[in-house]
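A short write-up of the structure that comes next.
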Amino acid sequence: MTLIFEHAVCLEHDMGSNHPERPDRLRAIRLALAEAEFAALEWRPAPLASWPQIALVHPQSHIDRIVAAAPRRGRVPLDPDTAMNPATLEAAQRAAGAVCGAVDAVMAGQASNAFCAVRPPGHHAEPERSMGFCIFNSVAIGARHAQESHGLKRVAVVDFDVHHGNGTQAAFWNDGDLFYGSTHQMPLYPGSGARSETGVGNIHNFPLPPGAGGMAFRDAFTDGLLPALDAFKPEFLLLSAGFDAHMDDPLAQLRLETEDYAWVSRELLALAERHCQGRLVSSLEGGYDLTALATAVAAHIRALMAV
C-alpha cells in the first residue's frame, strides 16, 4: 500500500501571486490523484515535526531565527526568492513532519512506501540558512529521524530535481552513513553540484548540461548513481522528488518526459527492494508547470502503487 501525506496549511503558505512555488501546485497534484486508478491510496494528515526533530539538521540558532521571522500578517522575505507569510512556519513544520511520519509508517509496516504532497520544498535549506523557496530541509530531517528513532545506520537520499540540493549535500557532507545522490542541470541555481563535490565519499553528483533529455538522465542513473547506491546498500531510501526537469517546466532547460519519471521511480523501487525491504519515502520538491507536474507525479505514484 502507498500512503500520501498532505495538510491544508501547505496550501496557505503563499509567497505571492507571481511566485512559481505556489499553492496551485498541490491542487494540481490532488486533482490528478482523484482519478479512479488512485482510489487505493491512503491519505493521512501530515503531523507537525517537533523542534527536536528539526534540530537533527538545523541548529537551534537557525530555528530561533525562523521562528522570530514568522509574521503575523503580510510577508517577510528571507532571500530574494523565499518569503514567509503567517502560514509558512506551520507549513514548513508539517512538510518536515510528513517525511518523519512517512518514515515511521513505513518502518512500522503500515505501507510499502509513501509520498509527501507538501510544501514548502526543502532540499535547498542548508543547516543554517533558508533559501531557494525552502525553509527546513524536510528530507534531510527525515533521514536523520530514520537513524535516531529507528536505529538505522545507512540512509540514502536520491534527488532528481532539476536544481542541485545544496542543503541536503551540506547536511550530509561529513557523515559517511548518509548518502546523497543527485542528477541536476548545471550550470543553474544554486551553482553547486559538481562531480568533484564528494564529501567523505558519500556525495555523488551527476550534473547534466542544458538541453539534456531522457537518455542522458537515464545514463547518469544507470552508469553512475544506481551503482553507487548499490555499493552503499541503504537501509532506507528517501527521494527528493522534483519534477522541474520536465521539458515543459519554465525554470530550467532539461528535456525529461513523463515516462522518464516513471522509469526512474521503478529503478529506485527495485533498488529499495534489493537493499532495504522496499522501504522508500518520496517528498515533493520542485515542478512548476502545473500540467507537467500533475502528469509526472501521477506517473511516480503509479509506480509506487505497483510494488
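Note on naming: chains are A, B, ... as they come in the C-alpha cells, residues start from 1 per chain, ligands start from 1 in the order shown.
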
Near Asp260 (chain A), counting only C-alpha atoms, which residues have an atom at most 10 Å away, once you skip same-chain residues fewer than 2 positions from it, shown as a ChimeraX atom specification?
/A:213-215,217-218,245-246,255-258,262-266,296,299-300

Using only C-alpha atoms, what table do you get, as CSV, when you list each residue of region 101-184 of chain A with an atom no more than 8 Å from region 72-83 of chain A, its nearest pair of atoms, and their distance in Å rounded to one decimal, rows by chain then rising number?
```
residue,atom,partner,partner_atom,distance
A:Ser130,CA,A:Leu78,CA,7.1
A:Met131,CA,A:Thr82,CA,6.0
A:Gly132,CA,A:Asp81,CA,5.8
A:Phe133,CA,A:Thr82,CA,4.6
A:Cys134,CA,A:Thr82,CA,7.0
```

With only C-alpha atoms as the counted atoms, please give the residues lying no more than 12 Å from Arg302 (chain A), apart from itself and same-chain residues fewer than 2 positions off, as a PyMOL selection string.
chain A and resi 1-2+32-33+35-41+113-115+258-259+261-263+265-266+269+295-300+304-307

Write the residues of the preceding selection, restricted to N, CA and C atoms, as a short mmCIF file (atom, residue, chain, number, x, y, z; two decimals), in the first residue's frame.
```
data_model
loop_
_atom_site.label_atom_id
_atom_site.label_comp_id
_atom_site.auth_asym_id
_atom_site.auth_seq_id
_atom_site.Cartn_x
_atom_site.Cartn_y
_atom_site.Cartn_z
N MET A 1 0.84 -1.20 0.00
CA MET A 1 0.00 0.00 0.00
C MET A 1 0.87 1.25 0.00
N THR A 2 0.40 2.28 -0.65
CA THR A 2 1.09 3.58 -0.71
C THR A 2 0.30 4.61 0.09
N ALA A 32 -5.08 15.36 -9.95
CA ALA A 32 -4.58 14.21 -10.72
C ALA A 32 -4.79 12.91 -9.97
N LEU A 33 -4.61 12.94 -8.65
CA LEU A 33 -4.71 11.72 -7.85
C LEU A 33 -6.15 11.42 -7.43
N GLU A 35 -8.31 10.60 -9.65
CA GLU A 35 -8.78 9.65 -10.66
C GLU A 35 -8.99 8.27 -10.02
N ALA A 36 -9.87 7.48 -10.63
CA ALA A 36 -10.26 6.19 -10.06
C ALA A 36 -9.08 5.25 -9.86
N GLU A 37 -8.08 5.32 -10.72
CA GLU A 37 -6.95 4.40 -10.59
C GLU A 37 -6.16 4.60 -9.30
N PHE A 38 -6.35 5.74 -8.64
CA PHE A 38 -5.62 6.04 -7.41
C PHE A 38 -6.49 5.87 -6.16
N ALA A 39 -7.64 5.22 -6.31
CA ALA A 39 -8.58 5.10 -5.20
C ALA A 39 -8.01 4.31 -4.03
N ALA A 40 -7.04 3.45 -4.27
CA ALA A 40 -6.48 2.63 -3.19
C ALA A 40 -5.48 3.39 -2.32
N LEU A 41 -5.11 4.60 -2.70
CA LEU A 41 -4.19 5.38 -1.88
C LEU A 41 -4.84 5.69 -0.52
N ASN A 113 5.39 2.09 0.91
CA ASN A 113 6.08 3.34 0.59
C ASN A 113 5.11 4.49 0.80
N ALA A 114 5.62 5.71 0.64
CA ALA A 114 4.78 6.88 0.87
C ALA A 114 5.28 8.05 0.03
N PHE A 115 4.36 8.96 -0.28
CA PHE A 115 4.67 10.20 -0.97
C PHE A 115 4.14 11.35 -0.13
N THR A 258 7.43 12.56 -19.20
CA THR A 258 6.76 11.90 -18.09
C THR A 258 7.25 10.47 -17.90
N GLU A 259 7.49 9.75 -18.97
CA GLU A 259 7.93 8.36 -18.85
C GLU A 259 9.30 8.24 -18.19
N TYR A 261 10.19 9.89 -15.58
CA TYR A 261 9.90 9.85 -14.14
C TYR A 261 9.35 8.50 -13.73
N ALA A 262 8.54 7.89 -14.58
CA ALA A 262 8.06 6.53 -14.30
C ALA A 262 9.24 5.57 -14.26
N TRP A 263 10.16 5.71 -15.22
CA TRP A 263 11.33 4.82 -15.29
C TRP A 263 12.19 4.94 -14.03
N SER A 265 11.44 6.06 -11.14
CA SER A 265 10.70 5.58 -9.97
C SER A 265 10.80 4.06 -9.87
N ARG A 266 10.62 3.37 -10.99
CA ARG A 266 10.71 1.90 -10.99
C ARG A 266 12.12 1.44 -10.63
N LEU A 269 12.64 1.97 -6.87
CA LEU A 269 11.85 1.00 -6.11
C LEU A 269 12.52 -0.38 -6.15
N THR A 295 1.01 15.33 -14.28
CA THR A 295 1.18 14.07 -15.01
C THR A 295 2.41 13.31 -14.53
N ALA A 296 3.48 14.03 -14.20
CA ALA A 296 4.70 13.36 -13.73
C ALA A 296 4.50 12.77 -12.34
N VAL A 297 3.83 13.50 -11.46
CA VAL A 297 3.55 12.95 -10.12
C VAL A 297 2.64 11.74 -10.25
N ALA A 298 1.66 11.80 -11.12
CA ALA A 298 0.79 10.64 -11.30
C ALA A 298 1.58 9.42 -11.77
N ALA A 299 2.54 9.62 -12.67
CA ALA A 299 3.38 8.51 -13.12
C ALA A 299 4.22 7.96 -11.98
N HIS A 300 4.73 8.84 -11.16
CA HIS A 300 5.53 8.45 -9.99
C HIS A 300 4.69 7.64 -9.01
N LEU A 304 4.82 3.73 -7.53
CA LEU A 304 4.84 3.39 -6.10
C LEU A 304 3.75 2.37 -5.77
N MET A 305 2.59 2.53 -6.37
CA MET A 305 1.46 1.65 -6.07
C MET A 305 1.63 0.25 -6.66
N ALA A 306 2.50 0.12 -7.64
CA ALA A 306 2.62 -1.15 -8.36
C ALA A 306 3.46 -2.19 -7.63
N VAL A 307 4.17 -1.78 -6.59
CA VAL A 307 5.05 -2.76 -5.89
C VAL A 307 4.24 -3.52 -4.84
#
```

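Compared by their closest atoms to Leu152 (chain A), and using only C-alpha atoms, the residues A:His13, A:His62, A:Arg94, A:Arg279 rank with A:Arg279 nearest.
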
Hey, what's within 7 Å of Asn205 (chain A) if we count only C-alpha atoms and toss same-chain stuff fewer than 6 positions away? As a PyMOL selection string, please?
chain A and resi 181-183+193-195

Next, the residues of the selection above should be written as a CSV table (one decimal), in the first residue's frame with C-alpha atoms.
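The file below, again-v9.csv, is the result:
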```csv
chain,number,residue,atom,x,y,z
A,181,GLY,CA,23.0,11.3,-5.0
A,182,SER,CA,21.7,13.9,-7.4
A,183,THR,CA,21.0,14.5,-11.1
A,193,GLY,CA,26.7,20.1,-7.6
A,194,ALA,CA,29.9,19.5,-9.5
A,195,ARG,CA,31.2,16.0,-9.8
```

Within 10 Å of Ala111 (chain A) using only C-alpha atoms, minus same-chain residues under 5 positions, as a tab-separated table (two decimals) with N, CA and C atoms, in the first residue's frame:
```tsv
chain	number	residue	atom	x	y	z
A	1	MET	N	0.84	-1.20	0.00
A	1	MET	CA	0.00	0.00	0.00
A	1	MET	C	0.87	1.25	0.00
A	2	THR	N	0.40	2.28	-0.65
A	2	THR	CA	1.09	3.58	-0.71
A	2	THR	C	0.30	4.61	0.09
A	3	LEU	N	0.99	5.33	0.94
A	3	LEU	CA	0.39	6.42	1.71
A	3	LEU	C	0.72	7.75	1.05
A	42	GLU	N	-4.02	5.68	0.51
A	42	GLU	CA	-4.49	6.12	1.83
A	42	GLU	C	-3.90	7.49	2.13
A	102	ALA	N	5.99	9.66	7.53
A	102	ALA	CA	6.03	8.63	6.50
A	102	ALA	C	7.09	7.59	6.81
A	103	VAL	N	8.25	8.04	7.29
A	103	VAL	CA	9.30	7.10	7.71
A	103	VAL	C	8.76	6.18	8.81
A	104	ASP	N	8.09	6.75	9.79
A	104	ASP	CA	7.53	5.95	10.89
A	104	ASP	C	6.54	4.92	10.36
A	105	ALA	N	5.65	5.34	9.46
A	105	ALA	CA	4.61	4.44	8.95
A	105	ALA	C	5.23	3.29	8.14
A	106	VAL	N	6.20	3.60	7.30
A	106	VAL	CA	6.84	2.56	6.50
A	106	VAL	C	7.64	1.61	7.39
A	278	GLY	N	12.26	-2.74	0.51
A	278	GLY	CA	11.31	-1.89	-0.20
A	278	GLY	C	11.00	-0.58	0.47
A	279	ARG	N	11.67	-0.27	1.59
A	279	ARG	CA	11.31	0.93	2.37
A	279	ARG	C	11.74	2.19	1.63
A	280	LEU	N	10.75	2.98	1.22
A	280	LEU	CA	11.01	4.18	0.42
A	280	LEU	C	9.98	5.25	0.75
```

DSSP helix (DSSP H, G or I) selection over region 79-141 of chain A, as a ChimeraX atom specification:
/A:88-107,138-141

What would the file look like if the residues just selected were written as a PDB file, in the first residue's frame with N, CA and C atoms?
```pdb
ATOM      1  N   THR A  88       3.432  30.040   6.913  1.00  0.00           N
ATOM      2  CA  THR A  88       4.659  29.384   6.448  1.00  0.00           C
ATOM      3  C   THR A  88       5.310  28.532   7.518  1.00  0.00           C
ATOM      4  N   LEU A  89       5.406  29.039   8.724  1.00  0.00           N
ATOM      5  CA  LEU A  89       6.111  28.291   9.761  1.00  0.00           C
ATOM      6  C   LEU A  89       5.444  26.942  10.004  1.00  0.00           C
ATOM      7  N   GLU A  90       4.120  26.944  10.156  1.00  0.00           N
ATOM      8  CA  GLU A  90       3.441  25.661  10.363  1.00  0.00           C
ATOM      9  C   GLU A  90       3.552  24.774   9.129  1.00  0.00           C
ATOM     10  N   ALA A  91       3.436  25.359   7.934  1.00  0.00           N
ATOM     11  CA  ALA A  91       3.559  24.558   6.711  1.00  0.00           C
ATOM     12  C   ALA A  91       4.926  23.886   6.641  1.00  0.00           C
ATOM     13  N   ALA A  92       5.976  24.604   6.992  1.00  0.00           N
ATOM     14  CA  ALA A  92       7.323  24.029   6.961  1.00  0.00           C
ATOM     15  C   ALA A  92       7.474  22.931   8.008  1.00  0.00           C
ATOM     16  N   GLN A  93       6.868  23.130   9.184  1.00  0.00           N
ATOM     17  CA  GLN A  93       6.886  22.068  10.195  1.00  0.00           C
ATOM     18  C   GLN A  93       6.096  20.848   9.726  1.00  0.00           C
ATOM     19  N   ARG A  94       4.969  21.080   9.048  1.00  0.00           N
ATOM     20  CA  ARG A  94       4.173  19.948   8.537  1.00  0.00           C
ATOM     21  C   ARG A  94       4.917  19.230   7.402  1.00  0.00           C
ATOM     22  N   ALA A  95       5.627  19.979   6.564  1.00  0.00           N
ATOM     23  CA  ALA A  95       6.373  19.348   5.476  1.00  0.00           C
ATOM     24  C   ALA A  95       7.442  18.412   6.033  1.00  0.00           C
ATOM     25  N   ALA A  96       8.179  18.891   7.031  1.00  0.00           N
ATOM     26  CA  ALA A  96       9.174  18.024   7.671  1.00  0.00           C
ATOM     27  C   ALA A  96       8.497  16.901   8.441  1.00  0.00           C
ATOM     28  N   GLY A  97       7.389  17.211   9.093  1.00  0.00           N
ATOM     29  CA  GLY A  97       6.656  16.188   9.842  1.00  0.00           C
ATOM     30  C   GLY A  97       6.086  15.116   8.943  1.00  0.00           C
ATOM     31  N   ALA A  98       5.708  15.488   7.719  1.00  0.00           N
ATOM     32  CA  ALA A  98       5.205  14.494   6.771  1.00  0.00           C
ATOM     33  C   ALA A  98       6.260  13.444   6.486  1.00  0.00           C
ATOM     34  N   VAL A  99       7.496  13.877   6.251  1.00  0.00           N
ATOM     35  CA  VAL A  99       8.557  12.922   5.937  1.00  0.00           C
ATOM     36  C   VAL A  99       8.850  12.044   7.144  1.00  0.00           C
ATOM     37  N   CYS A 100       8.923  12.649   8.333  1.00  0.00           N
ATOM     38  CA  CYS A 100       9.162  11.845   9.544  1.00  0.00           C
ATOM     39  C   CYS A 100       8.004  10.872   9.784  1.00  0.00           C
ATOM     40  N   GLY A 101       6.770  11.345   9.607  1.00  0.00           N
ATOM     41  CA  GLY A 101       5.616  10.473   9.794  1.00  0.00           C
ATOM     42  C   GLY A 101       5.572   9.361   8.773  1.00  0.00           C
ATOM     43  N   ALA A 102       5.990   9.656   7.535  1.00  0.00           N
ATOM     44  CA  ALA A 102       6.027   8.631   6.498  1.00  0.00           C
ATOM     45  C   ALA A 102       7.087   7.585   6.808  1.00  0.00           C
ATOM     46  N   VAL A 103       8.250   8.040   7.293  1.00  0.00           N
ATOM     47  CA  VAL A 103       9.297   7.097   7.712  1.00  0.00           C
ATOM     48  C   VAL A 103       8.759   6.177   8.807  1.00  0.00           C
ATOM     49  N   ASP A 104       8.087   6.754   9.790  1.00  0.00           N
ATOM     50  CA  ASP A 104       7.534   5.952  10.887  1.00  0.00           C
ATOM     51  C   ASP A 104       6.536   4.918  10.362  1.00  0.00           C
ATOM     52  N   ALA A 105       5.652   5.340   9.456  1.00  0.00           N
ATOM     53  CA  ALA A 105       4.613   4.439   8.946  1.00  0.00           C
ATOM     54  C   ALA A 105       5.225   3.294   8.140  1.00  0.00           C
ATOM     55  N   VAL A 106       6.204   3.601   7.304  1.00  0.00           N
ATOM     56  CA  VAL A 106       6.838   2.556   6.502  1.00  0.00           C
ATOM     57  C   VAL A 106       7.640   1.614   7.395  1.00  0.00           C
ATOM     58  N   MET A 107       8.343   2.165   8.383  1.00  0.00           N
ATOM     59  CA  MET A 107       9.105   1.310   9.304  1.00  0.00           C
ATOM     60  C   MET A 107       8.180   0.409  10.117  1.00  0.00           C
ATOM     61  N   SER A 138      13.317  19.091   4.758  1.00  0.00           N
ATOM     62  CA  SER A 138      12.433  18.010   5.196  1.00  0.00           C
ATOM     63  C   SER A 138      13.041  16.632   4.996  1.00  0.00           C
ATOM     64  N   VAL A 139      13.643  16.383   3.835  1.00  0.00           N
ATOM     65  CA  VAL A 139      14.180  15.055   3.542  1.00  0.00           C
ATOM     66  C   VAL A 139      15.413  14.766   4.399  1.00  0.00           C
ATOM     67  N   ALA A 140      16.273  15.748   4.594  1.00  0.00           N
ATOM     68  CA  ALA A 140      17.429  15.544   5.466  1.00  0.00           C
ATOM     69  C   ALA A 140      16.978  15.268   6.901  1.00  0.00           C
ATOM     70  N   ILE A 141      15.959  15.983   7.351  1.00  0.00           N
ATOM     71  CA  ILE A 141      15.400  15.731   8.686  1.00  0.00           C
ATOM     72  C   ILE A 141      14.849  14.315   8.757  1.00  0.00           C
TER      73      ILE A 141
END
```
